[in-house]
>>> print(open('final_8.cif').read())   # mmCIF, C-alpha atoms
data_query
#
loop_
_atom_site.label_atom_id
_atom_site.label_comp_id
_atom_site.auth_asym_id
_atom_site.auth_seq_id
_atom_site.Cartn_x
_atom_site.Cartn_y
_atom_site.Cartn_z
CA MET A 325 -27.34 39.39 -6.77
CA ALA A 326 -30.48 39.34 -4.65
CA ASP A 327 -32.67 38.35 -7.57
CA LEU A 328 -30.58 35.27 -8.28
CA LEU A 329 -31.48 33.67 -4.96
CA PRO A 330 -34.95 32.14 -4.59
CA PRO A 331 -37.12 33.92 -2.01
CA LEU A 332 -36.99 32.43 1.49
CA THR A 333 -40.00 30.22 2.05
CA ALA A 334 -41.68 29.33 5.31
CA ALA A 335 -38.71 27.40 6.61
CA GLN A 336 -38.55 29.71 9.58
CA VAL A 337 -41.72 28.24 11.10
CA ASP A 338 -39.84 25.11 12.18
CA ASP A 339 -37.33 27.03 14.28
CA LYS A 340 -39.96 28.05 16.80
CA THR A 341 -40.76 24.49 17.77
CA LYS A 342 -37.14 23.71 18.49
CA VAL A 343 -36.30 26.65 20.69
CA ASP A 344 -37.81 25.14 23.82
CA GLU A 345 -35.89 21.83 23.71
CA LYS A 346 -33.75 21.28 26.77
CA VAL A 347 -30.27 19.98 26.29
CA ASP A 348 -29.90 16.48 27.67
CA TYR A 349 -26.23 16.29 28.50
CA SER A 350 -26.15 12.59 29.08
CA ASN A 351 -27.51 11.81 25.69
CA LEU A 352 -25.61 13.93 23.23
CA PRO A 353 -25.39 12.95 19.59
CA SER A 354 -22.22 11.51 18.16
CA PRO A 355 -20.01 14.18 16.63
CA VAL A 356 -18.76 14.23 13.04
CA PRO A 357 -15.46 12.45 12.47
CA TYR A 358 -12.50 14.77 12.92
CA GLU A 359 -11.43 14.62 9.30
CA GLU A 360 -14.92 15.59 8.17
CA LEU A 361 -15.06 18.66 10.32
CA HIS A 362 -15.11 20.98 7.35
CA ARG A 363 -17.19 18.76 5.12
CA GLU A 364 -20.04 21.16 4.36
CA ALA A 365 -17.69 23.98 3.53
CA PHE A 366 -15.46 21.84 1.39
CA MET A 367 -18.40 20.58 -0.63
CA SER A 368 -18.77 23.99 -2.19
CA LEU A 369 -15.30 25.37 -1.81
CA LYS A 370 -13.13 22.42 -2.72
CA ALA A 371 -15.03 20.93 -5.62
CA ASP A 372 -12.81 18.80 -7.80
CA ASN A 373 -12.16 20.93 -10.83
CA PHE A 374 -10.31 19.12 -13.54
CA GLU A 375 -8.81 19.92 -16.90
CA GLY A 376 -9.36 18.01 -20.11
CA LEU A 377 -11.64 15.09 -20.79
CA ARG A 378 -12.91 12.75 -18.15
CA PHE A 379 -15.02 9.69 -18.83
CA ASP A 380 -16.11 7.34 -16.04
CA PHE A 381 -18.03 4.19 -16.60
CA THR A 382 -19.20 2.19 -13.60
CA LYS A 383 -20.70 -1.19 -14.20
CA ALA A 384 -22.51 -2.86 -11.34
CA LEU A 385 -22.34 -6.62 -11.49
CA ASN A 386 -24.51 -7.05 -8.46
CA GLN A 387 -25.56 -5.08 -5.39
CA LYS A 388 -22.19 -5.28 -3.77
CA PHE A 389 -19.63 -5.56 -6.53
CA SER A 390 -18.91 -3.13 -9.36
CA LEU A 391 -16.16 -2.43 -11.83
CA SER A 392 -15.19 0.99 -13.05
CA HIS A 393 -13.30 2.16 -16.11
CA SER A 394 -12.06 5.75 -16.33
CA VAL A 395 -10.32 7.59 -19.10
CA MET A 396 -8.67 10.93 -18.46
CA MET A 397 -6.97 12.97 -21.15
CA GLY A 398 -5.57 16.40 -20.74
CA PRO A 399 -2.69 18.52 -19.61
CA THR A 400 -1.42 17.70 -16.16
CA GLU A 401 0.75 20.02 -14.19
CA VAL A 402 4.36 19.19 -13.57
CA PRO A 403 5.96 20.83 -10.56
CA SER A 404 8.57 23.32 -11.73
CA GLN A 405 10.93 25.75 -10.05
CA SER A 406 9.92 28.79 -12.07
CA ALA A 407 6.73 30.72 -11.55
CA GLU A 408 5.23 29.39 -14.78
CA THR A 409 3.20 26.22 -14.55
CA ILE A 410 4.40 23.59 -16.96
CA LYS A 411 1.74 21.31 -18.35
CA ILE A 412 2.32 18.10 -20.17
CA PRO A 413 -0.53 16.44 -22.04
CA THR A 414 -1.13 12.94 -20.75
CA ALA A 415 -3.77 10.33 -21.19
CA HIS A 416 -4.48 7.46 -18.89
CA TYR A 417 -6.90 4.71 -18.29
CA GLU A 418 -7.78 3.51 -14.85
CA PHE A 419 -9.47 0.25 -14.00
CA GLY A 420 -11.15 -0.13 -10.66
CA ALA A 421 -13.00 -2.74 -8.67
CA ASN A 422 -15.28 -1.90 -5.75
CA TYR A 423 -16.82 -4.17 -3.21
CA PHE A 424 -19.35 -2.73 -0.79
CA GLU A 425 -20.85 -4.63 2.06
CA PRO A 426 -22.34 -3.20 5.26
CA LYS A 427 -19.27 -4.22 7.20
CA LEU A 428 -16.54 -4.18 4.59
CA MET A 429 -15.68 -1.82 1.81
CA LEU A 430 -12.81 -2.43 -0.59
CA ILE A 431 -11.88 -0.10 -3.42
CA GLY A 432 -8.94 -0.66 -5.73
CA ARG A 433 -7.91 1.41 -8.72
CA VAL A 434 -5.00 0.68 -11.00
CA MET A 435 -3.66 2.96 -13.73
CA THR A 436 -1.85 2.20 -16.93
CA ASP A 437 1.45 3.32 -15.45
CA GLY A 438 1.20 0.76 -12.68
CA ARG A 439 0.04 2.94 -9.84
CA LEU A 440 -2.37 1.28 -7.46
CA ASN A 441 -4.68 3.23 -5.21
CA ALA A 442 -6.42 1.12 -2.59
CA ARG A 443 -8.91 1.86 0.18
CA LEU A 444 -10.29 -0.44 2.80
CA LYS A 445 -12.88 0.18 5.48
CA ALA A 446 -13.89 -2.61 7.82
CA ASP A 447 -16.15 -2.56 10.86
CA LEU A 448 -14.40 -4.85 13.28
CA THR A 449 -17.03 -4.41 15.98
CA ASP A 450 -19.94 -2.05 16.46
CA LYS A 451 -17.72 0.74 17.60
CA LEU A 452 -14.31 0.02 16.13
CA ILE A 453 -13.64 0.75 12.49
CA VAL A 454 -10.36 0.21 10.70
CA LYS A 455 -9.59 2.14 7.54
CA ALA A 456 -6.58 1.87 5.30
CA ASN A 457 -5.52 3.92 2.34
CA ALA A 458 -2.52 3.11 0.18
CA GLN A 459 -0.90 4.38 -3.00
CA ILE A 460 1.64 2.00 -4.41
CA THR A 461 3.87 2.82 -7.35
CA ASN A 462 6.56 0.99 -9.23
CA GLU A 463 9.19 3.54 -8.31
CA PRO A 464 10.86 2.78 -5.02
CA HIS A 465 10.25 5.01 -2.02
CA LEU A 466 7.27 6.77 -3.53
CA SER A 467 4.56 4.55 -2.12
CA HIS A 468 2.68 5.41 0.97
CA ALA A 469 0.07 3.83 3.18
CA MET A 470 -1.97 5.01 6.11
CA PHE A 471 -3.97 2.97 8.61
CA ASN A 472 -6.63 4.51 10.82
CA PHE A 473 -8.34 2.89 13.77
CA ASP A 474 -11.51 4.71 14.81
CA TYR A 475 -13.35 4.17 18.01
CA MET A 476 -16.82 5.63 18.25
CA GLY A 477 -18.10 6.23 21.75
CA SER A 478 -21.55 7.52 22.68
CA ASP A 479 -20.70 11.18 22.26
CA TYR A 480 -17.08 11.16 21.22
CA ARG A 481 -14.80 9.71 18.59
CA ALA A 482 -11.16 8.83 18.90
CA GLN A 483 -8.86 7.89 16.07
CA LEU A 484 -5.33 6.57 15.83
CA GLN A 485 -3.41 6.94 12.57
CA LEU A 486 -0.31 5.04 11.56
CA GLY A 487 1.39 6.01 8.38
CA ASN A 488 4.18 4.97 6.15
CA SER A 489 7.46 6.62 7.00
CA ALA A 490 6.92 6.57 10.77
CA LEU A 491 3.92 8.83 10.96
CA ILE A 492 1.70 8.54 14.02
CA GLY A 493 -1.31 10.68 14.73
CA ALA A 494 -4.27 10.68 17.06
CA THR A 495 -7.44 12.74 16.99
CA TYR A 496 -10.25 13.09 19.44
CA ILE A 497 -13.54 14.91 19.12
CA GLN A 498 -16.26 15.28 21.72
CA SER A 499 -19.80 16.65 21.57
CA VAL A 500 -20.11 19.29 24.24
CA THR A 501 -23.69 20.32 23.62
CA ASN A 502 -26.20 19.38 20.96
CA ARG A 503 -24.62 21.77 18.59
CA LEU A 504 -21.06 22.32 19.66
CA SER A 505 -18.25 19.82 19.37
CA LEU A 506 -14.63 20.34 20.26
CA GLY A 507 -11.69 18.27 19.26
CA GLY A 508 -7.95 18.06 19.08
CA GLU A 509 -5.23 16.23 17.23
CA VAL A 510 -1.63 15.33 17.78
CA PHE A 511 0.83 13.94 15.24
CA TRP A 512 4.45 12.93 15.08
CA ALA A 513 6.28 12.48 11.79
CA GLY A 514 9.53 10.58 11.71
CA VAL A 515 11.04 11.66 8.46
CA PRO A 516 11.12 15.42 8.76
CA ARG A 517 11.28 15.12 12.48
CA LYS A 518 8.41 17.20 13.62
CA SER A 519 5.36 16.91 15.74
CA GLY A 520 2.30 19.04 15.92
CA ILE A 521 -0.82 19.61 17.87
CA GLY A 522 -4.07 21.17 16.78
CA TYR A 523 -7.49 22.08 18.11
CA ALA A 524 -10.82 22.34 16.36
CA ALA A 525 -14.32 23.45 17.14
CA ARG A 526 -17.55 23.01 15.25
CA TYR A 527 -20.87 24.66 15.88
CA GLU A 528 -23.84 23.62 13.83
CA SER A 529 -27.50 24.24 13.72
CA ASP A 530 -30.13 23.38 11.14
CA LYS A 531 -29.28 26.34 9.03
CA MET A 532 -25.61 26.90 9.49
CA VAL A 533 -22.32 25.29 10.32
CA ALA A 534 -19.30 27.17 11.60
CA THR A 535 -15.95 25.54 12.20
CA ALA A 536 -12.52 26.68 13.25
CA GLN A 537 -9.24 24.81 13.37
CA VAL A 538 -5.84 25.86 14.66
CA ALA A 539 -2.64 23.83 14.34
CA SER A 540 0.88 24.25 15.60
CA THR A 541 2.13 24.12 12.01
CA GLY A 542 0.79 27.65 11.89
CA ALA A 543 -2.40 27.00 9.95
CA VAL A 544 -5.65 28.56 11.03
CA VAL A 545 -8.78 27.65 9.08
CA MET A 546 -12.20 29.08 9.76
CA ASN A 547 -15.28 28.57 7.71
CA TYR A 548 -18.97 29.25 7.80
CA VAL A 549 -21.75 27.66 5.75
CA GLN A 550 -25.28 28.95 5.65
CA LYS A 551 -27.99 26.77 4.23
CA ILE A 552 -30.41 29.20 2.74
CA SER A 553 -32.90 26.65 1.49
CA GLU A 554 -32.98 23.00 0.51
CA LYS A 555 -31.46 23.90 -2.79
CA VAL A 556 -29.00 26.66 -2.01
CA SER A 557 -26.15 26.96 0.38
CA LEU A 558 -23.43 29.53 0.62
CA ALA A 559 -20.04 29.06 2.20
CA THR A 560 -17.14 31.21 3.11
CA ASP A 561 -13.68 30.29 4.23
CA PHE A 562 -10.67 32.02 5.70
CA MET A 563 -7.25 30.33 5.79
CA PHE A 564 -4.26 31.88 7.39
CA ASN A 565 -0.77 30.63 8.16
CA TYR A 566 0.99 32.67 10.78
CA PHE A 567 4.47 31.43 9.92
CA SER A 568 4.43 31.89 6.20
CA ARG A 569 1.96 34.78 6.36
CA ASP A 570 -0.29 33.46 3.58
CA VAL A 571 -3.88 34.47 3.74
CA THR A 572 -6.67 33.19 1.55
CA ALA A 573 -10.32 34.01 1.78
CA SER A 574 -12.95 32.47 -0.45
CA VAL A 575 -16.67 32.59 -0.96
CA GLY A 576 -18.61 29.86 -2.67
CA TYR A 577 -22.06 28.61 -3.46
CA ASP A 578 -23.71 25.26 -4.00
CA TYR A 579 -27.01 25.01 -5.83
CA ILE A 580 -28.60 21.56 -5.79
CA LEU A 581 -31.32 21.64 -8.39
CA ARG A 582 -33.49 18.86 -9.70
CA GLN A 583 -31.47 17.98 -12.75
CA SER A 584 -28.14 19.56 -11.97
CA ARG A 585 -25.76 20.71 -9.32
CA VAL A 586 -23.75 23.90 -9.72
CA ARG A 587 -20.91 24.79 -7.41
CA GLY A 588 -18.60 27.71 -7.69
CA LYS A 589 -16.25 29.84 -5.73
CA ILE A 590 -14.15 32.94 -5.91
CA ASP A 591 -10.92 33.38 -4.06
CA SER A 592 -8.75 36.18 -2.80
CA ASN A 593 -5.86 34.75 -4.87
CA GLY A 594 -7.75 35.72 -7.98
CA VAL A 595 -9.11 32.26 -8.70
CA ALA A 596 -12.70 31.83 -9.83
CA SER A 597 -13.98 28.36 -10.47
CA ALA A 598 -17.19 26.50 -11.14
CA LEU A 599 -18.33 22.94 -11.59
CA VAL A 600 -21.62 21.91 -13.17
CA GLU A 601 -22.96 18.36 -12.97
CA GLU A 602 -26.02 17.85 -15.09
CA ARG A 603 -28.09 14.72 -15.08
CA LEU A 604 -28.93 14.03 -18.69
CA SER A 605 -30.88 10.89 -17.94
CA MET A 606 -30.86 8.08 -15.39
CA GLY A 607 -27.26 7.22 -14.67
CA LEU A 608 -25.80 9.60 -17.23
CA ASN A 609 -24.14 12.74 -15.87
CA PHE A 610 -22.42 15.45 -17.80
CA LEU A 611 -19.72 17.48 -16.10
CA LEU A 612 -18.31 20.88 -16.97
CA SER A 613 -15.50 22.41 -14.99
CA ALA A 614 -13.76 25.77 -15.28
CA GLU A 615 -11.05 27.32 -13.20
CA LEU A 616 -9.61 30.73 -13.98
CA ASP A 617 -6.51 31.81 -12.13
CA HIS A 618 -6.03 35.41 -13.05
CA LYS A 619 -2.92 35.91 -10.97
CA LYS A 620 -0.94 33.08 -12.54
CA LYS A 621 -2.71 33.37 -15.87
CA ASP A 622 -3.68 29.71 -15.82
CA TYR A 623 -7.06 28.85 -17.31
CA LYS A 624 -8.38 25.34 -17.05
CA PHE A 625 -11.49 23.96 -18.68
CA GLY A 626 -12.71 20.43 -18.54
CA PHE A 627 -15.66 18.37 -19.59
CA GLY A 628 -16.67 14.86 -18.81
CA LEU A 629 -19.31 12.21 -18.80
CA THR A 630 -20.12 9.78 -16.01
CA VAL A 631 -22.10 6.66 -16.76
CA GLY A 632 -23.52 4.52 -14.03
CA MET B 719 44.31 -23.80 10.51
CA ALA B 720 44.84 -22.61 7.05
CA ALA B 721 41.36 -23.49 5.85
CA LYS B 722 39.71 -21.56 8.70
CA GLY B 723 41.58 -18.35 7.92
CA PRO B 724 39.76 -17.33 4.73
CA LEU B 725 36.48 -18.62 6.22
CA LYS B 726 36.86 -16.25 9.17
CA LEU B 727 37.62 -13.36 6.85
CA LYS B 728 34.59 -14.18 4.76
CA PHE B 729 32.38 -14.19 7.85
CA LYS B 730 33.70 -10.82 8.97
CA GLY B 731 33.17 -9.47 5.48
CA LYS B 732 29.54 -10.48 5.60
CA THR B 733 28.80 -8.66 8.84
CA THR B 734 30.49 -5.45 7.72
CA LYS B 735 28.50 -5.39 4.47
CA GLY B 736 25.29 -4.57 6.35
CA SER B 737 24.70 -0.94 7.19
CA LYS B 738 25.18 -1.12 10.93
CA GLY B 739 26.63 -4.60 11.21
CA GLY B 740 30.21 -3.38 11.45
CA SER B 741 29.91 -2.13 14.99
CA THR B 742 28.49 -5.36 16.39
CA SER B 743 31.63 -7.39 15.71
CA THR B 744 33.72 -5.29 18.07
CA SER B 745 31.34 -4.98 21.07
CA SER B 746 31.01 -7.59 23.81
CA SER B 747 29.18 -10.82 23.12
CA SER B 748 25.95 -10.22 25.19
CA SER B 749 25.19 -6.74 23.84
CA SER B 750 26.15 -7.88 20.35
CA SER B 751 23.55 -10.64 20.52
CA VAL B 752 20.87 -8.14 21.67
CA SER B 753 21.73 -5.55 19.05
CA SER B 754 22.09 -8.21 16.37
CA LYS B 755 18.62 -9.42 17.40
CA PHE B 756 17.33 -5.91 16.71
CA GLU B 757 19.12 -5.92 13.38
CA VAL B 758 17.57 -9.27 12.55
CA ILE B 759 14.09 -8.05 13.53
CA LYS B 760 14.54 -4.83 11.57
CA ASP B 761 15.76 -6.70 8.51
CA TRP B 762 12.94 -9.17 8.82
CA THR B 763 10.28 -6.45 9.06
CA ASN B 764 11.81 -4.63 6.09
CA TRP B 765 11.79 -7.83 4.08
CA SER B 766 8.19 -8.64 5.01
CA LEU B 767 6.99 -5.11 4.24
CA LYS B 768 8.65 -5.25 0.84
CA LYS B 769 6.98 -8.58 0.12
CA ALA B 770 3.64 -7.24 1.40
CA LYS B 771 3.95 -4.25 -0.89
CA VAL B 772 4.59 -6.41 -3.94
CA ALA B 773 1.76 -8.77 -2.96
CA THR B 774 -0.68 -5.90 -2.55
CA HIS B 775 0.42 -4.28 -5.77
CA TYR B 776 -0.23 -7.37 -7.84
CA GLY B 777 -2.86 -9.10 -5.79
CA LEU B 778 -5.33 -6.51 -4.52
CA ILE B 779 -7.43 -6.09 -7.63
CA PRO B 780 -7.62 -9.88 -8.28
CA LEU B 781 -8.57 -10.31 -4.61
CA ILE B 782 -11.41 -7.81 -4.89
CA ILE B 783 -12.59 -9.47 -8.08
CA ILE B 784 -12.54 -12.92 -6.47
CA ILE B 785 -14.45 -11.68 -3.42
CA GLY B 786 -16.95 -9.93 -5.68
CA MET B 787 -17.50 -12.86 -8.00
CA ASN B 788 -18.23 -15.09 -5.01
CA SER B 789 -20.74 -12.76 -3.39
CA ASP B 790 -24.39 -13.47 -3.92
CA PRO B 791 -26.21 -13.18 -6.34
CA LYS B 792 -23.22 -14.67 -8.07
CA PRO B 793 -22.44 -12.71 -11.24
CA HIS B 794 -21.52 -14.48 -14.43
CA LEU B 795 -17.97 -14.40 -15.79
CA PHE B 796 -19.31 -12.89 -19.01
CA GLN B 797 -20.53 -9.84 -17.09
CA LEU B 798 -17.00 -9.22 -15.90
CA ILE B 799 -15.66 -8.80 -19.39
CA SER B 800 -18.48 -7.43 -21.50
CA PRO B 801 -19.25 -3.72 -21.49
CA PHE B 802 -22.94 -4.23 -20.70
#
>>> encode(input="final_8.cif", output="structure tokens")
Amino acid sequence: MADLLPPLTAAQVDDKTKVDEKVDYSNLPSPVPYEELHREAFMSLKADNFEGLRFDFTKALNQKFSLSHSVMMGPTEVPSQSAETIKIPTAHYEFGANYFEPKLMLIGRVMTDGRLNARLKADLTDKLIVKANAQITNEPHLSHAMFNFDYMGSDYRAQLQLGNSALIGATYIQSVTNRLSLGGEVFWAGVPRKSGIGYAARYESDKMVATAQVASTGAVVMNYVQKISEKVSLATDFMFNYFSRDVTASVGYDYILRQSRVRGKIDSNGVASALVEERLSMGLNFLLSAELDHKKKDYKFGFGLTVG
Amino acid sequence: MAAKGPLKLKFKGKTTKGSKGGSTSTSSSSSSSVSSKFEVIKDWTNWSLKKAKVATHYGLIPLIIIIGMNSDPKPHLFQLISPF
């Protein structure tokens, strides 16, 4: 495997100049938002593998406004009681409208079966951002909506979440040093009456990011991403639930090349997957996705084209 | 009188139809007005959320399109429909 990785170049020279910087505790950088704590790791490890055909066409009418048309055809999984996965071939068309402005972002997507998926992000003031996310269906009691209010302080972020069936959550993350940020979250759900609390920590440097998250629901997630060069990064992840005793470990890679991006991972559940996005020409991207689940004997292959 | 009898029964029938309305008719008048105020507020918020859900479901995409078509530079209606 060593010959697949490009040789390390002189990127190590830059580290020497940064060693002598003193930490200025009154002027720490703003931390990452709490929900994006694991973002580098999830870029390689949670790539969106799909099955079937996917065609996305985005048409920009002007700088701020664009329309999108998507067609998806393929087997979709239906939840079933038995161990076998049941797949039903479906095809749908989704129409979407996006409006992007520096202070307001509105995204709406509607499918042929009437499901609406809407997202809103508005900057009310410099530091206060409101976000909303809703999925509305024709069937009663299956729609849900979530509103988030984010406050960004100089070196901390606080967020309040209000959700559909009486769900309230709050998260807080604070930069402790230039590289380390610690945070916590609390939530209360009305419908299955439970509440939970969780803690998270994130340590990053130019070359690596390590995060850990513990929650009272029993989930422990730890991941580590090493950026080997501008083009290559490797990630590894360990998820553990101490109530249900499930453990999953995965290792993944992300190669960002000039004309393409290849991401793949292999899992301790016997799942190997990869996603290739190749830029055929300006605005035209070709996607290939494969996911092999050897334990459940479920093999998924997909291909797609993205225009615009 | 005779005319008021069925009217009273009808009124009682209406309050017991609601999910928790049955209990309010037997409690004392002051607490019944407070709890019936809560019922009214709860019913009103349920009604407004249902209407908001229907309005969002039908109106969000047209709203985004209207906001987009009025942003500058103003796109032409033809660009909305044609594929290029």
>>> residues_near_point(input="final_8.cif", point="(0.5, 19.4, -12.8)", cutoff="10 Å", atoms="only C-alpha atoms", output="ChimeraX atom specification")
/A:399-404,409-413
>>> atom_distance(input="final_8.cif", atom1="CA of Leu612 (chain A)", atom2="CA of Met563 (chain A)")
27.0 Å
>>> resolve_selection(input="final_8.cif", expression="the PyMOL selection byres ((chain B) within 12 of (chain A))", output="PyMOL selection string")
chain B and resi 767-768+770-802
>>> residues_around(input="final_8.cif", residues="Phe567 (chain A)", least_positions_apart="5", cutoff="9 Å", atoms="all atoms listed in the file", output="list in words")
Thr541, Gly542 and Ala543 of chain A
>>> atom_distance(input="final_8.cif", atom1="CA of Asp570 (chain A)", atom2="CA of Glu615 (chain A)")
20.9 Å
>>> atom_distance(input="final_8.cif", atom1="CA of Lys621 (chain A)", atom2="CA of Arg587 (chain A)")
21.8 Å
>>> resolve_selection(input="final_8.cif", expression="the PyMOL selection byres ((chain A and resi 398) around 8)", output="list in words")
Glu375, Gly376, Leu377, Met396, Met397, Pro399, Thr400, Pro413, Thr414 and Ala415 of chain A
>>> resolve_selection(input="final_8.cif", expression="the PyMOL selection byres ((chain A and resi 522) around 7)", output="VMD selection string")
chain A and resid 508 to 510 520 to 521 523 to 524 538 to 540
>>> build_atoms(input="final_8.cif", residues="region 459-477 of chain A", atoms="N, CA, C and O atoms", output="compact mmCIF listing (two decimals), in the frame of the given file")
# COMPACT_ATOMS: atom_id res chain seq x y z
N GLN A 459 -1.21 4.07 -1.60
CA GLN A 459 -0.90 4.38 -3.00
C GLN A 459 0.44 3.72 -3.27
O GLN A 459 1.44 4.09 -2.65
N ILE A 460 0.43 2.78 -4.18
CA ILE A 460 1.64 2.00 -4.41
C ILE A 460 2.08 2.25 -5.84
O ILE A 460 1.28 2.17 -6.76
N THR A 461 3.35 2.58 -6.01
CA THR A 461 3.87 2.82 -7.35
C THR A 461 5.03 1.89 -7.61
O THR A 461 5.56 1.27 -6.70
N ASN A 462 5.43 1.85 -8.89
CA ASN A 462 6.56 0.99 -9.23
C ASN A 462 7.87 1.59 -8.79
O ASN A 462 8.83 0.88 -8.54
N GLU A 463 7.92 2.91 -8.71
CA GLU A 463 9.19 3.54 -8.31
C GLU A 463 9.40 3.31 -6.83
O GLU A 463 8.47 3.41 -6.05
N PRO A 464 10.63 3.05 -6.44
CA PRO A 464 10.86 2.78 -5.02
C PRO A 464 10.73 4.05 -4.20
O PRO A 464 10.96 5.14 -4.70
N HIS A 465 10.34 3.92 -2.99
CA HIS A 465 10.25 5.01 -2.02
C HIS A 465 9.20 6.05 -2.34
O HIS A 465 9.20 7.11 -1.76
N LEU A 466 8.32 5.78 -3.30
CA LEU A 466 7.27 6.77 -3.53
C LEU A 466 5.91 6.25 -3.10
O LEU A 466 4.91 6.89 -3.34
N SER A 467 5.87 5.07 -2.51
CA SER A 467 4.56 4.55 -2.12
C SER A 467 4.26 4.99 -0.71
O SER A 467 5.17 5.13 0.09
N HIS A 468 3.00 5.20 -0.43
CA HIS A 468 2.68 5.41 0.97
C HIS A 468 1.37 4.77 1.37
O HIS A 468 0.51 4.49 0.54
N ALA A 469 1.25 4.51 2.64
CA ALA A 469 0.07 3.83 3.18
C ALA A 469 -0.27 4.46 4.51
O ALA A 469 0.61 4.95 5.21
N MET A 470 -1.54 4.44 4.83
CA MET A 470 -1.97 5.01 6.11
C MET A 470 -3.07 4.13 6.68
O MET A 470 -3.99 3.76 5.96
N PHE A 471 -2.95 3.80 7.95
CA PHE A 471 -3.97 2.97 8.61
C PHE A 471 -4.62 3.81 9.69
O PHE A 471 -3.93 4.45 10.47
N ASN A 472 -5.93 3.77 9.77
CA ASN A 472 -6.63 4.51 10.82
C ASN A 472 -7.48 3.55 11.61
O ASN A 472 -8.18 2.74 11.03
N PHE A 473 -7.46 3.69 12.92
CA PHE A 473 -8.34 2.89 13.77
C PHE A 473 -9.26 3.88 14.47
O PHE A 473 -8.79 4.74 15.19
N ASP A 474 -10.56 3.75 14.23
CA ASP A 474 -11.51 4.71 14.81
C ASP A 474 -12.32 4.04 15.87
O ASP A 474 -12.87 2.98 15.63
N TYR A 475 -12.46 4.69 16.99
CA TYR A 475 -13.35 4.17 18.01
C TYR A 475 -14.47 5.18 18.21
O TYR A 475 -14.21 6.37 18.41
N MET A 476 -15.70 4.71 18.12
CA MET A 476 -16.82 5.63 18.25
C MET A 476 -17.51 5.40 19.58
O MET A 476 -18.08 4.35 19.81
N GLY A 477 -17.42 6.37 20.46
CA GLY A 477 -18.10 6.23 21.75
C GLY A 477 -19.48 6.85 21.65
O GLY A 477 -19.94 7.19 20.57
